[in-house]
file start.cif (mmCIF, C-alpha atoms and all ligand atoms)
data_data
#
loop_
_atom_site.label_atom_id
_atom_site.label_comp_id
_atom_site.auth_asym_id
_atom_site.auth_seq_id
_atom_site.Cartn_x
_atom_site.Cartn_y
_atom_site.Cartn_z
CA MET A 526 37.89 1.88 -22.68
CA THR A 527 39.99 3.24 -25.56
CA ASP A 528 37.80 4.34 -28.46
CA ALA A 529 38.12 6.42 -31.62
CA LEU A 530 37.71 9.64 -29.65
CA SER A 531 40.43 8.74 -27.14
CA ALA A 532 43.58 10.82 -27.33
CA LEU A 533 46.63 9.14 -28.87
CA SER A 534 49.94 9.91 -27.24
CA LEU A 535 52.59 10.79 -29.82
CA GLY A 536 55.60 11.45 -27.62
CA ASP A 537 55.83 15.21 -27.11
CA SER A 538 52.42 15.79 -28.67
CA GLU A 539 49.05 14.15 -28.57
CA ALA A 540 46.39 13.58 -31.22
CA SER A 541 43.01 14.58 -29.81
CA ASN A 542 41.40 11.52 -31.40
CA ARG A 543 42.38 8.40 -33.34
CA ILE A 544 40.98 9.40 -36.70
CA ALA A 545 43.63 10.46 -39.24
CA VAL A 546 43.49 11.79 -42.77
CA SER A 547 45.16 9.10 -44.87
CA PRO A 548 47.82 10.40 -47.26
CA MET A 549 46.25 11.29 -50.61
CA CYS A 550 48.09 12.66 -53.64
CA GLN A 551 46.56 15.84 -55.00
CA TYR A 552 48.78 16.24 -58.09
CA SER A 553 48.29 19.98 -57.70
CA CYS A 554 51.79 21.49 -57.68
CA ASP A 555 53.39 23.35 -60.50
CA PRO A 556 56.27 21.12 -61.61
CA ASP A 557 58.42 22.37 -58.74
CA GLY A 558 56.98 20.31 -55.88
CA LEU A 559 55.97 23.42 -53.94
CA PRO A 560 52.59 23.45 -52.18
CA THR A 561 49.88 25.68 -53.61
CA GLU A 562 46.76 27.28 -52.16
CA TRP A 563 45.07 23.95 -52.93
CA HIS A 564 47.23 22.19 -50.33
CA ARG A 565 46.61 24.83 -47.71
CA VAL A 566 42.85 24.65 -48.19
CA HIS A 567 42.71 20.87 -48.64
CA LEU A 568 44.81 19.99 -45.58
CA GLY A 569 43.53 22.98 -43.60
CA SER A 570 39.88 22.12 -44.03
CA ARG A 571 40.42 18.57 -42.81
CA ALA A 572 42.10 19.97 -39.72
CA VAL A 573 39.09 22.27 -39.24
CA GLY A 574 36.99 19.14 -39.80
CA GLY A 575 38.28 17.47 -36.66
CA ALA A 576 40.91 14.98 -37.85
CA GLY A 577 43.28 14.08 -35.02
CA ILE A 578 46.16 13.72 -37.48
CA VAL A 579 46.41 15.36 -40.90
CA MET A 580 48.90 13.51 -43.07
CA THR A 581 50.15 15.06 -46.30
CA GLU A 582 50.07 13.22 -49.57
CA ALA A 583 53.10 11.20 -50.66
CA THR A 584 55.76 13.93 -50.57
CA ALA A 585 58.76 13.23 -52.74
CA VAL A 586 62.21 13.19 -51.14
CA SER A 587 63.78 13.94 -54.52
CA PRO A 588 62.49 15.16 -57.90
CA ALA A 589 62.88 11.66 -59.42
CA GLY A 590 60.79 10.25 -56.58
CA ARG A 591 57.60 11.99 -57.70
CA ILE A 592 54.81 9.94 -59.22
CA THR A 593 53.86 12.83 -61.52
CA PRO A 594 55.52 16.18 -62.24
CA HIS A 595 52.75 17.75 -60.12
CA ASP A 596 53.49 15.93 -56.85
CA LEU A 597 54.42 17.64 -53.64
CA GLY A 598 58.12 17.58 -52.71
CA ILE A 599 60.43 18.31 -49.79
CA TRP A 600 63.87 18.31 -51.40
CA SER A 601 64.88 21.93 -50.67
CA ASP A 602 64.68 24.55 -47.93
CA GLU A 603 62.21 26.41 -50.12
CA HIS A 604 59.83 23.45 -49.84
CA ALA A 605 60.15 23.41 -46.05
CA ALA A 606 59.48 27.15 -45.84
CA ALA A 607 56.42 26.86 -48.08
CA LEU A 608 54.97 24.01 -46.02
CA GLU A 609 55.42 25.74 -42.67
CA PRO A 610 52.26 27.92 -42.81
CA ILE A 611 50.26 24.76 -43.50
CA THR A 612 51.61 22.86 -40.49
CA GLU A 613 51.01 25.95 -38.36
CA PHE A 614 47.40 26.17 -39.47
CA VAL A 615 46.79 22.44 -38.91
CA ARG A 616 48.17 22.77 -35.39
CA GLU A 617 46.11 25.90 -34.67
CA GLN A 618 43.03 23.87 -35.55
CA GLY A 619 43.97 21.13 -33.08
CA GLY A 620 45.36 18.65 -35.61
CA VAL A 621 48.77 17.01 -35.56
CA PRO A 622 50.54 17.57 -38.90
CA GLY A 623 52.26 14.52 -40.42
CA ILE A 624 54.19 14.14 -43.65
CA GLN A 625 54.42 11.03 -45.78
CA LEU A 626 57.94 10.79 -47.24
CA ALA A 627 58.01 8.98 -50.53
CA HIS A 628 60.04 7.81 -53.49
CA ALA A 629 57.96 6.42 -56.36
CA GLY A 630 60.73 4.18 -57.77
CA HIS A 631 59.72 2.65 -61.08
CA LYS A 632 56.17 3.97 -60.74
CA ALA A 633 57.50 7.54 -61.11
CA SER A 634 57.25 9.88 -64.11
CA LYS A 635 53.59 9.43 -64.97
CA LYS A 636 50.76 11.57 -66.19
CA ARG A 637 48.21 12.61 -63.57
CA PRO A 638 45.22 10.27 -63.17
CA TRP A 639 42.98 12.75 -64.97
CA ASP A 640 45.49 12.92 -67.86
CA GLY A 641 45.56 9.13 -68.32
CA ASN A 642 47.90 7.84 -65.59
CA VAL A 643 50.45 6.52 -68.14
CA PRO A 644 54.27 6.77 -68.05
CA ILE A 645 55.99 9.85 -69.49
CA GLY A 646 59.39 9.23 -71.07
CA PRO A 647 62.30 11.63 -70.45
CA ASP A 648 61.74 13.15 -73.93
CA GLU A 649 57.98 13.43 -73.51
CA THR A 650 55.79 15.94 -71.75
CA ASP A 651 52.42 15.85 -70.06
CA PRO A 652 49.52 18.09 -71.20
CA ASP A 653 50.94 20.94 -69.07
CA GLY A 654 54.30 20.70 -70.84
CA ALA A 655 56.04 19.09 -67.83
CA SER A 656 58.83 16.67 -68.77
CA GLY A 657 59.26 13.09 -67.67
CA TRP A 658 62.49 11.51 -66.38
CA GLU A 659 64.40 8.25 -66.09
CA VAL A 660 63.01 6.17 -63.23
CA LEU A 661 64.82 4.05 -60.66
CA SER A 662 64.08 0.37 -60.12
CA PRO A 663 65.60 -2.42 -57.99
CA SER A 664 65.54 -4.66 -61.07
CA PRO A 665 64.13 -3.34 -64.35
CA GLU A 666 63.90 -6.80 -65.92
CA ALA A 667 61.44 -7.85 -63.19
CA TYR A 668 59.22 -4.81 -63.67
CA PRO A 669 55.60 -5.82 -64.12
CA PRO A 670 54.03 -3.17 -66.35
CA PHE A 671 51.17 -1.94 -64.17
CA ASP A 672 50.50 1.08 -66.24
CA GLY A 673 52.28 0.73 -69.57
CA ASP A 674 55.92 -0.06 -70.34
CA ARG A 675 58.55 2.29 -68.98
CA PRO A 676 60.43 4.22 -71.65
CA ALA A 677 63.46 4.73 -69.40
CA MET A 678 64.24 2.70 -66.35
CA ARG A 679 67.54 2.20 -64.55
CA LYS A 680 68.65 -0.41 -62.06
CA ALA A 681 69.62 1.28 -58.80
CA ASP A 682 73.34 0.91 -58.13
CA ALA A 683 75.10 1.39 -54.78
CA GLU A 684 75.35 5.14 -55.32
CA ASP A 685 71.66 5.45 -56.17
CA ILE A 686 70.74 3.49 -53.04
CA GLN A 687 72.91 5.69 -50.85
CA GLY A 688 71.37 8.71 -52.57
CA VAL A 689 67.87 7.52 -51.64
CA ILE A 690 68.85 7.00 -47.99
CA ASP A 691 70.48 10.45 -47.86
CA ALA A 692 67.45 12.05 -49.54
CA TYR A 693 65.14 10.54 -46.91
CA ARG A 694 67.39 11.81 -44.10
CA ALA A 695 67.51 15.33 -45.58
CA ALA A 696 63.75 15.28 -46.20
CA ALA A 697 63.13 14.35 -42.57
CA GLU A 698 65.35 17.22 -41.40
CA ARG A 699 63.42 19.64 -43.60
CA SER A 700 60.09 18.21 -42.46
CA LEU A 701 61.09 19.02 -38.91
CA GLU A 702 61.95 22.58 -39.93
CA ALA A 703 58.56 22.81 -41.64
CA GLY A 704 56.83 21.95 -38.35
CA PHE A 705 55.67 18.39 -38.99
CA GLU A 706 55.31 16.23 -35.91
CA ILE A 707 55.01 12.81 -37.55
CA ALA A 708 57.26 11.46 -40.30
CA GLU A 709 55.72 8.55 -42.19
CA VAL A 710 58.01 6.53 -44.47
CA HIS A 711 56.04 5.29 -47.48
CA ALA A 712 57.04 1.65 -48.04
CA ALA A 713 53.77 0.52 -49.66
CA HIS A 714 51.83 0.46 -52.93
CA GLY A 715 54.56 -0.71 -55.30
CA TYR A 716 56.75 2.36 -54.86
CA LEU A 717 60.52 2.18 -54.41
CA LEU A 718 60.80 0.72 -50.90
CA HIS A 719 58.04 -1.83 -51.55
CA GLU A 720 59.74 -2.73 -54.86
CA PHE A 721 62.80 -3.72 -52.83
CA LEU A 722 60.70 -5.64 -50.26
CA SER A 723 58.85 -7.84 -52.73
CA PRO A 724 60.53 -10.76 -54.54
CA VAL A 725 58.15 -10.01 -57.43
CA THR A 726 59.99 -6.78 -58.26
CA ASN A 727 63.34 -7.47 -56.62
CA ASP A 728 65.57 -10.06 -58.27
CA ARG A 729 68.86 -8.48 -57.24
CA ASP A 730 71.74 -10.69 -56.23
CA ASP A 731 73.58 -8.16 -54.05
CA GLU A 732 72.98 -7.40 -50.38
CA TYR A 733 69.66 -5.70 -51.27
CA GLY A 734 68.05 -8.76 -52.88
CA GLY A 735 67.30 -12.40 -52.18
CA SER A 736 66.76 -13.18 -48.49
CA PHE A 737 64.20 -11.44 -46.29
CA GLU A 738 67.04 -9.65 -44.55
CA ASN A 739 68.45 -8.37 -47.83
CA ARG A 740 65.11 -7.29 -49.32
CA THR A 741 64.22 -5.39 -46.13
CA ARG A 742 67.67 -3.78 -45.87
CA LEU A 743 66.79 -0.58 -47.76
CA VAL A 744 63.65 0.17 -45.76
CA ARG A 745 65.55 -0.49 -42.54
CA GLU A 746 68.38 1.80 -43.63
CA VAL A 747 65.93 4.53 -44.66
CA VAL A 748 64.08 4.29 -41.35
CA ALA A 749 67.36 4.38 -39.42
CA ALA A 750 68.41 7.51 -41.36
CA VAL A 751 65.09 9.21 -40.63
CA ARG A 752 65.31 8.21 -36.95
CA GLU A 753 68.83 9.66 -36.78
CA VAL A 754 67.50 13.17 -37.37
CA TRP A 755 63.88 12.85 -36.16
CA PRO A 756 63.77 13.67 -32.43
CA ASP A 757 63.02 10.88 -29.94
CA GLY A 758 59.92 12.71 -28.77
CA LYS A 759 58.38 12.68 -32.23
CA PRO A 760 56.88 9.60 -33.84
CA VAL A 761 57.95 7.82 -36.98
CA PHE A 762 55.29 5.84 -38.84
CA VAL A 763 55.88 3.43 -41.71
CA ARG A 764 53.20 2.58 -44.25
CA ILE A 765 53.54 -0.93 -45.63
CA SER A 766 51.55 -3.08 -47.98
CA GLY A 767 50.62 -5.98 -45.70
CA THR A 768 50.51 -8.25 -48.75
CA ASP A 769 50.95 -8.08 -52.53
CA TRP A 770 47.73 -10.13 -52.91
CA LEU A 771 49.69 -12.54 -55.14
CA ASP A 772 49.35 -15.80 -53.25
CA ASP A 773 50.06 -17.84 -56.39
CA ARG A 774 53.76 -16.84 -56.45
CA ASP A 775 56.73 -15.92 -54.32
CA SER A 776 55.68 -12.45 -53.16
CA TRP A 777 55.44 -10.14 -50.16
CA ASP A 778 52.91 -11.48 -47.65
CA ILE A 779 51.51 -10.91 -44.19
CA GLU A 780 54.00 -13.17 -42.38
CA GLN A 781 56.89 -11.10 -43.75
CA SER A 782 54.99 -7.94 -42.83
CA VAL A 783 54.68 -9.05 -39.21
CA ARG A 784 58.40 -9.85 -39.10
CA LEU A 785 59.29 -6.50 -40.69
CA ALA A 786 57.01 -4.64 -38.26
CA ASP A 787 58.97 -6.12 -35.36
CA ASP A 788 62.28 -5.09 -36.95
CA LEU A 789 60.91 -1.59 -37.53
CA ALA A 790 59.78 -1.31 -33.90
CA GLU A 791 63.34 -2.10 -32.84
CA LEU A 792 64.57 0.74 -35.04
CA GLY A 793 62.30 3.15 -33.18
CA VAL A 794 59.19 3.11 -35.38
CA ASP A 795 56.13 4.02 -33.34
CA LEU A 796 53.34 2.89 -35.63
CA VAL A 797 52.99 0.68 -38.69
CA ASP A 798 50.24 1.84 -41.02
CA VAL A 799 48.99 -1.28 -42.79
CA SER A 800 47.71 -0.86 -46.33
CA SER A 801 48.12 -3.43 -49.13
CA GLY A 802 48.81 -4.14 -52.80
CA GLY A 803 49.74 -1.69 -55.53
CA LEU A 804 52.70 -3.70 -56.81
CA HIS A 805 51.47 -5.92 -59.61
CA PRO A 806 48.53 -5.92 -62.04
CA ASP A 807 47.62 -9.53 -61.18
CA GLN A 808 46.80 -8.58 -57.59
CA ALA A 809 43.41 -9.75 -56.36
CA PRO A 810 42.52 -7.65 -53.32
CA PRO A 811 39.14 -7.85 -51.60
CA ALA A 812 36.97 -4.72 -51.48
CA GLY A 813 34.33 -3.26 -49.23
CA PRO A 814 34.21 -2.08 -45.63
CA ASN A 815 37.35 -2.75 -43.55
CA PHE A 816 38.94 -4.58 -46.50
CA GLN A 817 42.48 -4.29 -45.14
CA VAL A 818 41.73 -4.42 -41.43
CA PRO A 819 42.52 -8.16 -41.01
CA LEU A 820 46.09 -7.35 -42.14
CA ALA A 821 46.45 -4.58 -39.56
CA GLU A 822 45.03 -6.91 -36.93
CA ARG A 823 47.59 -9.61 -37.77
CA VAL A 824 50.45 -7.12 -37.47
CA ARG A 825 49.07 -5.84 -34.18
CA GLU A 826 48.82 -9.37 -32.78
CA GLY A 827 52.19 -10.53 -34.08
CA ALA A 828 54.48 -7.53 -33.59
CA ASP A 829 55.23 -5.30 -30.66
CA VAL A 830 54.18 -2.02 -32.27
CA ALA A 831 51.11 0.21 -32.57
CA VAL A 832 49.14 -0.25 -35.77
CA GLY A 833 47.06 1.92 -38.07
CA ALA A 834 44.21 0.40 -40.07
CA VAL A 835 43.06 1.89 -43.37
CA GLY A 836 40.68 1.03 -46.17
CA GLY A 837 36.92 1.14 -46.55
CA VAL A 838 36.20 3.07 -43.35
CA THR A 839 33.26 5.38 -43.98
CA GLU A 840 31.33 5.54 -40.71
CA PRO A 841 32.31 6.89 -37.28
CA GLU A 842 30.87 3.78 -35.55
CA GLN A 843 33.02 1.61 -37.79
CA ALA A 844 36.19 3.52 -36.87
CA ASP A 845 35.15 3.38 -33.23
CA ALA A 846 34.64 -0.39 -33.30
CA LEU A 847 38.14 -0.92 -34.76
CA VAL A 848 39.72 0.87 -31.82
CA ARG A 849 37.34 -0.45 -29.14
CA ASN A 850 37.84 -4.03 -30.24
CA GLY A 851 41.61 -3.70 -30.21
CA ARG A 852 41.98 -4.23 -33.96
CA ALA A 853 43.91 -0.98 -34.48
CA ASP A 854 45.37 1.91 -32.49
CA LEU A 855 44.64 4.49 -35.18
CA VAL A 856 42.17 4.60 -38.06
CA LEU A 857 43.22 6.31 -41.28
CA VAL A 858 40.42 7.51 -43.49
CA GLY A 859 40.96 8.35 -47.15
CA ARG A 860 38.07 8.74 -49.55
CA GLU A 861 35.48 9.45 -46.86
CA PHE A 862 37.56 12.50 -45.91
CA LEU A 863 37.25 13.62 -49.55
CA ARG A 864 33.48 13.18 -49.44
CA ASP A 865 33.21 14.83 -46.04
CA PRO A 866 36.10 17.06 -44.91
CA TYR A 867 34.36 17.28 -41.52
CA PHE A 868 34.35 13.53 -40.90
CA GLY A 869 36.18 14.10 -37.60
CA LEU A 870 33.48 16.48 -36.34
CA ARG A 871 30.83 14.07 -37.58
CA ALA A 872 32.50 11.35 -35.52
CA ALA A 873 32.54 13.58 -32.43
CA GLY A 874 28.83 14.29 -32.92
CA ASP A 875 27.90 10.66 -33.45
CA LEU A 876 30.10 9.08 -30.80
CA GLU A 877 30.35 11.63 -28.00
CA ARG A 878 27.55 11.55 -25.45
CA ASP A 879 28.27 14.93 -23.87
CA PRO A 880 26.93 17.79 -26.07
CA GLU A 881 29.27 20.34 -24.48
CA ALA A 882 32.27 18.19 -25.33
CA VAL A 883 31.02 17.94 -28.92
CA ALA A 884 30.73 21.73 -29.15
CA GLU A 885 34.30 22.05 -27.86
CA GLU A 886 35.53 20.05 -30.84
CA TRP A 887 34.11 22.59 -33.29
CA PRO A 888 36.05 25.71 -34.30
CA VAL A 889 34.66 28.72 -32.42
CA GLN A 890 33.69 30.28 -35.73
CA TYR A 891 31.34 27.38 -36.47
CA ARG A 892 30.10 26.57 -32.99
CA ARG A 893 26.62 28.01 -33.44
CA ALA A 894 26.02 25.29 -36.00
CA VAL A 895 26.16 22.71 -33.19
CA GLN A 896 23.25 24.35 -31.37
CA ARG A 897 20.16 23.35 -33.28
C1 LIG B 901 45.37 7.58 -52.16
N1 LIG B 901 46.15 6.73 -51.39
C2 LIG B 901 47.45 7.06 -51.09
N2 LIG B 901 48.18 6.30 -50.22
C3 LIG B 901 49.40 6.68 -49.82
O1 LIG B 901 50.02 5.99 -49.03
N3 LIG B 901 49.95 7.83 -50.32
C4 LIG B 901 49.30 8.63 -51.22
O2 LIG B 901 49.80 9.69 -51.60
C5 LIG B 901 48.03 8.21 -51.65
N4 LIG B 901 47.32 8.94 -52.59
C6 LIG B 901 45.97 8.70 -52.76
C7 LIG B 901 45.20 9.59 -53.50
C8 LIG B 901 43.82 9.42 -53.60
C9 LIG B 901 43.00 10.42 -54.34
C10 LIG B 901 43.22 8.28 -52.98
C11 LIG B 901 41.73 8.06 -53.05
C12 LIG B 901 43.98 7.39 -52.30
C13 LIG B 901 45.52 5.60 -50.65
C14 LIG B 901 44.80 6.12 -49.39
O3 LIG B 901 45.68 6.71 -48.48
C15 LIG B 901 44.04 4.99 -48.68
O4 LIG B 901 44.99 4.07 -48.20
C16 LIG B 901 43.07 4.28 -49.61
O5 LIG B 901 42.27 5.21 -50.32
C17 LIG B 901 42.13 3.34 -48.81
O6 LIG B 901 41.44 4.05 -47.82
P1 LIG B 901 39.92 4.58 -48.03
O7 LIG B 901 39.92 5.55 -49.14
O8 LIG B 901 39.09 3.36 -48.34
O9 LIG B 901 39.57 5.20 -46.70
#
call {"tool": "encode", "arguments": {"input": "start.cif", "output": "structure tokens"}}
result
Amino acid sequence: MTDALSALSLGDSEASNRIAVSPMCQYSCDPDGLPTEWHRVHLGSRAVGGAGIVMTEATAVSPAGRITPHDLGIWSDEHAAALEPITEFVREQGGVPGIQLAHAGHKASKKRPWDGNVPIGPDETDPDGASGWEVLSPSPEAYPPFDGDRPAMRKADAEDIQGVIDAYRAAAERSLEAGFEIAEVHAAHGYLLHEFLSPVTNDRDDEYGGSFENRTRLVREVVAAVREVWPDGKPVFVRISGTDWLDDRDSWDIEQSVRLADDLAELGVDLVDVSSGGLHPDQAPPAGPNFQVPLAERVREGADVAVGAVGGVTEPEQADALVRNGRADLVLVGREFLRDPYFGLRAAGDLERDPEAVAEEWPVQYRRAVQR
């Protein structure tokens, strides 16, 4: 039976288990998008800690696509070169390195959470002296102020849209050079691609707005551009918000997510990572263990594609049950991996019956810790 410790085939490579580090922004770059020692230690220790897949935080495909001036980026060869030692280390530790490629759309140009999480105008700076910038939106007039009104927001025109598609393609090429094995397109949480998907934030009347086909056009074009340069033997994931949690109005919902997942599978997407919300302040999401799993389950039942579940997973047995019961093919773990960087090793210890196999999972340097 497939369980959380079963290997997951990823084309040319294989994840040694089905527990992944969910992408988590660290806001720890100087305002140049280059990784720092923090990233090496943060991502490296989760690889040491037994995660099958170690996914980077939302990594901006262009400077304007950063949430804060301190986000990670992959818009130049210098970024790729700086990320390479990290992917090498993750691989050495038995993890598969993945990168989440992101554009923050109209949720860009903000202060870091610990500096207040509010927008920074182009003429303003954050406490570190980093400047803000004009942000891109499918339709500024529809923008629901999640986090304070935007001082400078521009409606994306045809050239901007082409620029986003090209930036994703170039970012994927650089990610490959940097040694990543999974490219995840971030189309969730109210960032640019989700803003186009949802009728709440998209009231365009061109070929990128209106019908389901039009609203999904940008994400499909981005995925096609990434697939163009990402080798067949390497997987592409897409993170979506399964719903906006706005059932009282015309919004993005689970039925559209299932339909999109099928379209994405046809474009060569290997796994849809199902999160939710993040688009509008009126959202009413549930909380607690497995809070988004029913959405992943619906996508898995309704579309012909592998599915990742995320949200409220804190125990190895819980992750195991999701895979055993066929609710998800992969379990992404966020905050529990912050509490316990060795969650993957904990899972091996709790779920594996063979003590020698458990010891094998540990880095040789730490193996004596397994023998009590
Ligand atoms: C996140 N999350 C997130 N999601 C994403 O797609 N890209 C990102 O960069 C981030 N950044 C981020 C930072 C931090 C500090 C947290 C806690 C979360 C969401 C995350 O990946 C995950 O989906 C949620 O945290 C729910 O899973 P858990 O934490 O309940 O396991």
call {"tool": "residues_around", "arguments": {"input": "start.cif", "residues": "Ala629 in chain A", "least_positions_apart": "6", "cutoff": "6 Å", "atoms": "only C-alpha atoms", "output": "list in words"}}
result
Gly590, Arg591, Ile592, Tyr716 and Leu717 of chain A
call {"tool": "write_last_selection", "arguments": {"input": "start.cif", "atoms": "C-alpha atoms", "output": "short mmCIF file (atom, residue, chain, number, x, y, z; two decimals), in the frame of the given file"}}
result
data_model
loop_
_atom_site.label_atom_id
_atom_site.label_comp_id
_atom_site.auth_asym_id
_atom_site.auth_seq_id
_atom_site.Cartn_x
_atom_site.Cartn_y
_atom_site.Cartn_z
CA GLY A 590 60.79 10.25 -56.58
CA ARG A 591 57.60 11.99 -57.70
CA ILE A 592 54.81 9.94 -59.22
CA TYR A 716 56.75 2.36 -54.86
CA LEU A 717 60.52 2.18 -54.41
#
call {"tool": "residues_around", "arguments": {"input": "start.cif", "residues": "range 785-797 of chain A", "least_positions_apart": "3", "cutoff": "6 Å", "atoms": "only C-alpha atoms", "output": "number ranges by chain"}}
result
A: 760-764, 782, 828, 830-832
call {"tool": "residues_around", "arguments": {"input": "start.cif", "residues": "range 767-773 of chain A", "least_positions_apart": "2", "cutoff": "8 Å", "atoms": "only C-alpha atoms", "output": "MDAnalysis selection string"}}
result
chainID A and resid 723 765 775:779 782 799:805 807:810 820:821
call {"tool": "residues_around", "arguments": {"input": "start.cif", "residues": "Arg740 in chain A", "least_positions_apart": "2", "cutoff": "10 Å", "atoms": "only C-alpha atoms", "output": "short mmCIF file (atom, residue, chain, number, x, y, z; two decimals) with C-alpha atoms, keeping the file's coordinate frame"}}
result
data_model
loop_
_atom_site.label_atom_id
_atom_site.label_comp_id
_atom_site.auth_asym_id
_atom_site.auth_seq_id
_atom_site.Cartn_x
_atom_site.Cartn_y
_atom_site.Cartn_z
CA PRO A 663 65.60 -2.42 -57.99
CA LEU A 718 60.80 0.72 -50.90
CA HIS A 719 58.04 -1.83 -51.55
CA GLU A 720 59.74 -2.73 -54.86
CA PHE A 721 62.80 -3.72 -52.83
CA LEU A 722 60.70 -5.64 -50.26
CA SER A 723 58.85 -7.84 -52.73
CA PRO A 724 60.53 -10.76 -54.54
CA ASN A 727 63.34 -7.47 -56.62
CA ASP A 728 65.57 -10.06 -58.27
CA ARG A 729 68.86 -8.48 -57.24
CA ASP A 731 73.58 -8.16 -54.05
CA GLU A 732 72.98 -7.40 -50.38
CA TYR A 733 69.66 -5.70 -51.27
CA GLY A 734 68.05 -8.76 -52.88
CA GLY A 735 67.30 -12.40 -52.18
CA SER A 736 66.76 -13.18 -48.49
CA PHE A 737 64.20 -11.44 -46.29
CA GLU A 738 67.04 -9.65 -44.55
CA ARG A 742 67.67 -3.78 -45.87
CA LEU A 743 66.79 -0.58 -47.76
CA VAL A 744 63.65 0.17 -45.76
CA ARG A 745 65.55 -0.49 -42.54
#
call {"tool": "residues_near_ligand", "arguments": {"input": "start.cif", "ligand": "ligand LIG 901 (chain B)", "cutoff": "9 Å", "atoms": "only C-alpha atoms and all ligand atoms", "output": "short mmCIF file (atom, residue, chain, number, x, y, z; two decimals) with C-alpha atoms, keeping the file's coordinate frame"}}
result
data_model
loop_
_atom_site.label_atom_id
_atom_site.label_comp_id
_atom_site.auth_asym_id
_atom_site.auth_seq_id
_atom_site.Cartn_x
_atom_site.Cartn_y
_atom_site.Cartn_z
CA VAL A 546 43.49 11.79 -42.77
CA SER A 547 45.16 9.10 -44.87
CA PRO A 548 47.82 10.40 -47.26
CA MET A 549 46.25 11.29 -50.61
CA CYS A 550 48.09 12.66 -53.64
CA GLN A 551 46.56 15.84 -55.00
CA TYR A 552 48.78 16.24 -58.09
CA THR A 581 50.15 15.06 -46.30
CA GLU A 582 50.07 13.22 -49.57
CA ALA A 583 53.10 11.20 -50.66
CA THR A 584 55.76 13.93 -50.57
CA ASP A 596 53.49 15.93 -56.85
CA GLN A 625 54.42 11.03 -45.78
CA ALA A 627 58.01 8.98 -50.53
CA HIS A 711 56.04 5.29 -47.48
CA ALA A 712 57.04 1.65 -48.04
CA ALA A 713 53.77 0.52 -49.66
CA HIS A 714 51.83 0.46 -52.93
CA ARG A 764 53.20 2.58 -44.25
CA ILE A 765 53.54 -0.93 -45.63
CA VAL A 799 48.99 -1.28 -42.79
CA SER A 800 47.71 -0.86 -46.33
CA SER A 801 48.12 -3.43 -49.13
CA ALA A 812 36.97 -4.72 -51.48
CA GLY A 813 34.33 -3.26 -49.23
CA PRO A 814 34.21 -2.08 -45.63
CA ASN A 815 37.35 -2.75 -43.55
CA PHE A 816 38.94 -4.58 -46.50
CA GLN A 817 42.48 -4.29 -45.14
CA ALA A 834 44.21 0.40 -40.07
CA VAL A 835 43.06 1.89 -43.37
CA GLY A 836 40.68 1.03 -46.17
CA GLY A 837 36.92 1.14 -46.55
CA VAL A 838 36.20 3.07 -43.35
CA THR A 839 33.26 5.38 -43.98
CA LEU A 857 43.22 6.31 -41.28
CA VAL A 858 40.42 7.51 -43.49
CA GLY A 859 40.96 8.35 -47.15
CA ARG A 860 38.07 8.74 -49.55
CA GLU A 861 35.48 9.45 -46.86
CA PHE A 862 37.56 12.50 -45.91
CA LEU A 863 37.25 13.62 -49.55
#
call {"tool": "closest_residue", "arguments": {"input": "start.cif", "among": "A:Val747, A:Ile624, A:Val660, A:Ala846", "to": "Ala692 in chain A", "atoms": "all atoms listed in the file"}}
result
A:Val747
call {"tool": "closest_residue", "arguments": {"input": "start.cif", "among": "A:Glu659, A:Glu780, A:Glu746, A:Asp674", "to": "Gly827 in chain A", "atoms": "only C-alpha atoms"}}
result
A:Glu780
call {"tool": "atom_distance", "arguments": {"input": "start.cif", "atom1": "CA of Glu753 in chain A", "atom2": "CA of His604 in chain A"}}
result
21.0 Å
call {"tool": "closest_residue", "arguments": {"input": "start.cif", "among": "A:Pro888, A:Gly688, A:Gly851, A:Pro622", "to": "Thr527 in chain A", "atoms": "only C-alpha atoms"}}
result
A:Gly851
call {"tool": "closest_residue", "arguments": {"input": "start.cif", "among": "A:Ala708, A:Val573, A:Met580, A:Ile645", "to": "Gln618 in chain A", "atoms": "all atoms listed in the file"}}
result
A:Val573
call {"tool": "atom_distance", "arguments": {"input": "start.cif", "atom1": "CA of Pro665 in chain A", "atom2": "CA of Thr741 in chain A"}}
result
18.3 Å
call {"tool": "atom_distance", "arguments": {"input": "start.cif", "atom1": "CA of Ala703 in chain A", "atom2": "CA of Leu559 in chain A"}}
result
12.6 Å
call {"tool": "residues_near_point", "arguments": {"input": "start.cif", "point": "(57.3, 15.8, -36.6)", "cutoff": "12 Å", "atoms": "all atoms listed in the file", "output": "PyMOL selection string"}}
result
chain A and resi 535-539+578-580+609+612+616+621-626+696-709+751-752+754-762
call {"tool": "axis_aligned_box", "arguments": {"input": "start.cif", "around": "range 612-617 of chain A", "padding_each_side": "6 Å", "output": "lines of an AutoDock Vina configuration file"}}
result
center_x = 48.9
center_y = 24.3
center_z = -37.6
size_x = 17.5
size_y = 15.7
size_z = 17.8
call {"tool": "closest_residue", "arguments": {"input": "start.cif", "among": "A:Thr726, A:Ile611, A:Gly654, A:Glu649", "to": "Ala667 in chain A", "atoms": "all atoms listed in the file"}}
result
A:Thr726
call {"tool": "closest_residue", "arguments": {"input": "start.cif", "among": "A:Pro841, A:Ser601, A:Ile690, A:Pro594", "to": "Glu877 in chain A", "atoms": "only C-alpha atoms"}}
result
A:Pro841
call {"tool": "residues_around", "arguments": {"input": "start.cif", "residues": "Thr593 in chain A", "least_positions_apart": "6", "cutoff": "12 Å", "atoms": "only C-alpha atoms", "output": "ChimeraX atom specification"}}
result
/A:550-558,583-585,628-646,650-653,655-658,660
call {"tool": "residues_near_point", "arguments": {"input": "start.cif", "point": "(39.5, -4.5, -37.3)", "cutoff": "6 Å", "atoms": "only C-alpha atoms", "output": "PyMOL selection string"}}
result
chain A and resi 818+847+852
